[in-house]
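One structure is given below, encoded as structure tokens.
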Amino acid sequence: MLITLEETVKLINEGKILHIAADDQLLAQLPKGNWIGGTTPYFIGSDGGVFTKDLLYVDEIGFAEDFRVSCYGKYNIFQVVEECFDNGMTLLIMPYGSAVAAKYAKEAPDVEELLLHPTLGWISGLDLDKGGEARVYDGTSGESYTDRAVAMYLRLPEGKSAMINMINIFTDDKTDPVIRFYDNELAVTKCSVNGQEVNFAEYIEKKGINTKMPLVADYNGSYINTSVKGVENGTVSFYAPVFRNVDYRFATAVGDYAAEFTARIDAAAAHDPVFSFNCILNYLYGSLYGKKIPPYTGPVTFGEIAYQLLNQTLVYCEIMG
Amino acid sequence: MDTQAQEKLEKVLRGELRYTSGNLAFNILITKMQKKLQADPGGMDSCMNEIELFLAKYPIVAKVDLANIAAL
């Protein structure tokens, strides 16, 4: 729910467990309490997509029996796998462009047992027109960081499980060329296309590829996107890493982005997501400003975490059982 | 896990059958195990152990997916 600063302070002072997303100047005014937060001025509210620096998006976490908050840097971020509750879930926020986010993005898929611990979250961001710093907040200490991740561990009642899923409008055409990369990288110059080494930037230019379309990898029917950040000086950079030994193709063109997005939301048929995080690229390319996409309300993010870092996706969590 | 589900799941991991779960984590795990098996074709037991561990953690997923896999 999008609420005022005063309403948010009231909830904090009542001792509620909260997840909060807002512009930095609002988060900085909040008192200490049982909350974590991250910066963004973009949201999907119950009235649709909105840009605001006057309201905060707040999830009240009433389904957890207990919680803990910890902060991590790039050298210990994967302690999240060890420190979580056995029957619980982890809500993780990392600042856009931080070393800890890059480390997590590159290495999470190889971390043993990560899939055994429901881990959901987002990359905090900033006003794309005005700039600024992406930041995360640990409300329990009152500290904020541009270079650390904040994790809230939530313990669930016996018999309940957190189910994490995503909505992705992109798919591939299996007859398109297979693109492979040589390492886990956030920027590349070379890759192989159908087994032949090429300069990736030249390949994109020569083929006239629309880089609004992400690279997609087929994980047993779940398509995971890697969005292109830019093509400059012969280097292609990404919002999430590409991985070695994974087959990629550019996503097939989407005629009406917004209509396709709405169709996938209807098909997903989630009833009561407790969290949902929607990518800034969906917000921009899908023209979600002013559009309602119930029941998925939450911050618009600069990367989504569903176990690993995802792009151009809506991730959500439901409590089942 | 019953024998029929186990046999079919082994076929899924070897790429002889195709099964897509509605659960993101299970799909990622199946892909991970398929790659592991490609690198080490004798590693089926270890892959099945990892899957059993996952399914024990998520009984809701296990119930639906194992029934679907057994019916492939």
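Going by the structure tokens order, chains are called A, B, ..., each with residues numbered from 1, while ligands are numbered from 1 in the order shown.
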
message: Taking only C-alpha atoms into account and nothing else, which residues of chain B lie no more than 7 Å away from chain A? Please answer as a list in words.
response: Thr20, Asn23, Leu24, Ala25, Asn27, Ile28, Ile30, Thr31, Phe54 and Lys57 of chain B

Residues within 12 Å of Asp45 (chain B), only C-alpha atoms, excluding chain neighbours under 4 positions, as an mmCIF file with C-alpha atoms, in the first residue's frame:
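Result written to part_14.cif:
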```
data_model
loop_
_atom_site.group_PDB
_atom_site.id
_atom_site.type_symbol
_atom_site.label_atom_id
_atom_site.label_comp_id
_atom_site.auth_asym_id
_atom_site.auth_seq_id
_atom_site.Cartn_x
_atom_site.Cartn_y
_atom_site.Cartn_z
ATOM 1 C CA GLN B 6 11.666 -41.891 -9.745
ATOM 2 C CA LEU B 9 12.302 -38.171 -13.100
ATOM 3 C CA GLU B 10 15.565 -39.874 -14.058
ATOM 4 C CA LEU B 13 17.159 -35.468 -15.955
ATOM 5 C CA MET B 33 20.929 -31.392 -12.460
ATOM 6 C CA LYS B 36 25.558 -31.894 -13.804
ATOM 7 C CA LEU B 37 24.619 -35.201 -15.430
ATOM 8 C CA ASP B 40 29.210 -36.606 -15.108
ATOM 9 C CA PRO B 41 26.856 -39.231 -16.601
ATOM 10 C CA ASN B 49 19.609 -36.956 -3.704
ATOM 11 C CA GLU B 50 19.598 -33.214 -4.342
ATOM 12 C CA ILE B 51 16.129 -33.417 -5.825
ATOM 13 C CA GLU B 52 14.839 -35.496 -2.914
#
```

message: Which residues are near Phe181 (chain A)? Cut-off 8 Å, only C-alpha atoms, ignore same chain within fewer than 4 positions. Put them as a PyMOL selection string.
response: chain A and resi 190-192+242-246

Writer output for current selection, C-alpha atoms, as a PDB file, in the first residue's frame:
```pdb
ATOM      1  CA  LYS A 190      33.089 -11.830 -27.544  1.00  0.00           C
ATOM      2  CA  CYS A 191      30.664 -14.700 -27.613  1.00  0.00           C
ATOM      3  CA  SER A 192      29.921 -17.678 -29.812  1.00  0.00           C
ATOM      4  CA  VAL A 242      25.362 -13.829 -18.618  1.00  0.00           C
ATOM      5  CA  PHE A 243      26.624 -17.266 -17.604  1.00  0.00           C
ATOM      6  CA  ARG A 244      29.014 -19.675 -19.266  1.00  0.00           C
ATOM      7  CA  ASN A 245      27.563 -22.988 -20.434  1.00  0.00           C
ATOM      8  CA  VAL A 246      24.077 -21.542 -20.818  1.00  0.00           C
TER       9      VAL A 246
END
```

Please provide as a PDB file with N, CA and C atoms, in the first residue's frame all residues within 10 Å of Phe85 (chain A), with the sequence filter that same-chain residues fewer than 2 positions apart are discarded (counting only C-alpha atoms).
```pdb
ATOM      1  N   ASP A  66       8.360 -14.734  13.362  1.00  0.00           N
ATOM      2  CA  ASP A  66       9.557 -14.114  13.931  1.00  0.00           C
ATOM      3  C   ASP A  66      10.355 -13.499  12.781  1.00  0.00           C
ATOM      4  N   PHE A  67      11.297 -12.622  13.111  1.00  0.00           N
ATOM      5  CA  PHE A  67      12.144 -12.044  12.065  1.00  0.00           C
ATOM      6  C   PHE A  67      13.504 -11.667  12.635  1.00  0.00           C
ATOM      7  N   ARG A  68      14.467 -11.577  11.725  1.00  0.00           N
ATOM      8  CA  ARG A  68      15.805 -11.071  12.051  1.00  0.00           C
ATOM      9  C   ARG A  68      16.265 -10.221  10.882  1.00  0.00           C
ATOM     10  N   VAL A  80      23.674 -15.515   3.715  1.00  0.00           N
ATOM     11  CA  VAL A  80      22.199 -15.536   3.752  1.00  0.00           C
ATOM     12  C   VAL A  80      21.675 -16.972   3.723  1.00  0.00           C
ATOM     13  N   VAL A  81      22.440 -17.865   3.084  1.00  0.00           N
ATOM     14  CA  VAL A  81      22.000 -19.254   2.992  1.00  0.00           C
ATOM     15  C   VAL A  81      22.119 -19.961   4.346  1.00  0.00           C
ATOM     16  N   GLU A  82      23.085 -19.522   5.149  1.00  0.00           N
ATOM     17  CA  GLU A  82      23.317 -20.176   6.447  1.00  0.00           C
ATOM     18  C   GLU A  82      22.490 -19.551   7.568  1.00  0.00           C
ATOM     19  N   GLU A  83      22.179 -18.284   7.444  1.00  0.00           N
ATOM     20  CA  GLU A  83      21.589 -17.574   8.577  1.00  0.00           C
ATOM     21  C   GLU A  83      20.064 -17.477   8.534  1.00  0.00           C
ATOM     22  N   ASN A  87      12.457 -22.985   8.469  1.00  0.00           N
ATOM     23  CA  ASN A  87      11.179 -22.852   7.767  1.00  0.00           C
ATOM     24  C   ASN A  87      10.855 -21.368   7.655  1.00  0.00           C
ATOM     25  N   GLY A  88      11.303 -20.798   6.544  1.00  0.00           N
ATOM     26  CA  GLY A  88      11.083 -19.368   6.406  1.00  0.00           C
ATOM     27  C   GLY A  88      11.376 -18.889   5.014  1.00  0.00           C
ATOM     28  N   MET A  89      11.595 -17.593   4.920  1.00  0.00           N
ATOM     29  CA  MET A  89      11.987 -16.999   3.644  1.00  0.00           C
ATOM     30  C   MET A  89      12.883 -15.808   3.924  1.00  0.00           C
ATOM     31  N   THR A  90      13.625 -15.429   2.910  1.00  0.00           N
ATOM     32  CA  THR A  90      14.535 -14.297   3.047  1.00  0.00           C
ATOM     33  C   THR A  90      14.119 -13.196   2.083  1.00  0.00           C
ATOM     34  N   HIS A 117      16.206 -22.484   0.118  1.00  0.00           N
ATOM     35  CA  HIS A 117      15.800 -21.388   0.996  1.00  0.00           C
ATOM     36  C   HIS A 117      15.130 -20.302   0.164  1.00  0.00           C
ATOM     37  N   TYR A 153      15.104 -11.926   7.503  1.00  0.00           N
ATOM     38  CA  TYR A 153      14.731 -13.341   7.562  1.00  0.00           C
ATOM     39  C   TYR A 153      13.380 -13.449   8.261  1.00  0.00           C
ATOM     40  N   LEU A 154      12.471 -14.157   7.633  1.00  0.00           N
ATOM     41  CA  LEU A 154      11.120 -14.292   8.181  1.00  0.00           C
ATOM     42  C   LEU A 154      10.846 -15.751   8.503  1.00  0.00           C
ATOM     43  N   ARG A 155      10.452 -16.018   9.735  1.00  0.00           N
ATOM     44  CA  ARG A 155      10.094 -17.402  10.091  1.00  0.00           C
ATOM     45  C   ARG A 155       8.604 -17.601   9.868  1.00  0.00           C
ATOM     46  N   LEU A 156       8.271 -18.706   9.186  1.00  0.00           N
ATOM     47  CA  LEU A 156       6.871 -18.994   8.868  1.00  0.00           C
ATOM     48  C   LEU A 156       6.307 -20.013   9.842  1.00  0.00           C
TER      49      LEU A 156
END
```

task: Could you tell me how far CA of Phe43 (chain A) lies from CA of Gly298 (chain A), in Å and to one decimal?
output: 5.9 Å

field: Residue neighbourhood Thr297 (chain A), 9 Å, only C-alpha atoms, exclusion window fewer than 4 positions, as a PyMOL selection string
entry: chain A and resi 1+43-46+48-49+57+273+275-278+292-293

For those residues, write C-alpha atoms to a file as a PDB file, in the first residue's frame.
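Okay, this is what ended up in out_12.pdb:
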```
ATOM      1  CA  MET A   1       0.000   0.000   0.000  1.00  0.00           C
ATOM      2  CA  PHE A  43       5.719   2.008  -7.769  1.00  0.00           C
ATOM      3  CA  ILE A  44       2.789  -0.121  -8.809  1.00  0.00           C
ATOM      4  CA  GLY A  45       0.018   0.904  -6.447  1.00  0.00           C
ATOM      5  CA  SER A  46      -3.573  -0.250  -6.264  1.00  0.00           C
ATOM      6  CA  GLY A  48      -1.693   1.672 -11.106  1.00  0.00           C
ATOM      7  CA  GLY A  49       1.878   2.613 -11.908  1.00  0.00           C
ATOM      8  CA  TYR A  57       5.133   1.780  -0.403  1.00  0.00           C
ATOM      9  CA  PRO A 273       0.955 -12.326  -3.266  1.00  0.00           C
ATOM     10  CA  PHE A 275       5.341  -9.326  -2.055  1.00  0.00           C
ATOM     11  CA  SER A 276       5.716  -8.357  -5.680  1.00  0.00           C
ATOM     12  CA  PHE A 277       8.568  -6.554  -7.407  1.00  0.00           C
ATOM     13  CA  ASN A 278       8.282  -5.367 -10.989  1.00  0.00           C
ATOM     14  CA  LYS A 292      -3.498  -1.257 -12.742  1.00  0.00           C
ATOM     15  CA  ILE A 293      -2.164  -4.823 -12.602  1.00  0.00           C
TER      16      ILE A 293
END
```

- request: Please identify all polymer residues within 12 Å of region 126-132 of chain A, counting only C-alpha atoms, omitting same-chain residues fewer than 4 positions from it, and present them as a list in words.
  value: Ala21, Ala22, Asp23, Asp24, Gln25, Gly38, Thr39, Thr40, Pro41, Tyr42, Phe43, Phe51, Thr52, Lys53, Pro95, Tyr96, Gly97, Val136, Thr146, Ile280, Leu281, Leu284, Pro299, Val300, Thr301 and Phe302 of chain A

Let me see the file: selected residues, C-alpha atoms, as a PDB file, in the first residue's frame.
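part-v3.pdb was written with the following content:
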```pdb
ATOM      1  CA  ALA A  21      10.201   1.280  -0.514  1.00  0.00           C
ATOM      2  CA  ALA A  22      10.381   5.025  -1.081  1.00  0.00           C
ATOM      3  CA  ASP A  23      12.500   7.936  -2.192  1.00  0.00           C
ATOM      4  CA  ASP A  24      15.599   8.387  -0.077  1.00  0.00           C
ATOM      5  CA  GLN A  25      14.491  11.669   1.533  1.00  0.00           C
ATOM      6  CA  GLY A  38      15.184   0.398  -0.305  1.00  0.00           C
ATOM      7  CA  THR A  39      15.062   3.444  -2.552  1.00  0.00           C
ATOM      8  CA  THR A  40      12.893   3.914  -5.617  1.00  0.00           C
ATOM      9  CA  PRO A  41      10.424   6.626  -6.631  1.00  0.00           C
ATOM     10  CA  TYR A  42       8.532   4.245  -8.962  1.00  0.00           C
ATOM     11  CA  PHE A  43       5.719   2.008  -7.769  1.00  0.00           C
ATOM     12  CA  PHE A  51       6.052   8.020  -9.766  1.00  0.00           C
ATOM     13  CA  THR A  52       6.085   9.750  -6.389  1.00  0.00           C
ATOM     14  CA  LYS A  53       8.503  11.155  -3.850  1.00  0.00           C
ATOM     15  CA  PRO A  95      21.649  -1.199  -4.071  1.00  0.00           C
ATOM     16  CA  TYR A  96      21.844  -0.829  -7.846  1.00  0.00           C
ATOM     17  CA  GLY A  97      25.407  -0.687  -9.116  1.00  0.00           C
ATOM     18  CA  VAL A 136      19.140   0.249   1.370  1.00  0.00           C
ATOM     19  CA  THR A 146      24.991   2.236  -0.770  1.00  0.00           C
ATOM     20  CA  ILE A 280      11.677  -0.678 -14.215  1.00  0.00           C
ATOM     21  CA  LEU A 281      12.017  -1.877 -17.823  1.00  0.00           C
ATOM     22  CA  LEU A 284       8.944   1.937 -19.001  1.00  0.00           C
ATOM     23  CA  PRO A 299       8.052  -1.156  -5.782  1.00  0.00           C
ATOM     24  CA  VAL A 300       9.294  -0.841  -9.335  1.00  0.00           C
ATOM     25  CA  THR A 301      12.810  -2.177  -9.184  1.00  0.00           C
ATOM     26  CA  PHE A 302      16.217  -2.074 -10.838  1.00  0.00           C
TER      27      PHE A 302
END
```

field: Minimum-distance residue to Val61 (chain B), chosen among B:Gln34, B:Met44, B:Gly22, B:Lys8 (using only C-alpha atoms)
entry: B:Gly22

Distance in Å - CA of Thr4 (chain A) versus CA of Gln29 (chain A): 11.9 Å

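Among the candidates A:Ile93, A:Val50, A:Ile17, A:Val9, the one nearest to Phe63 (chain A) when counting only C-alpha atoms is A:Ile17.
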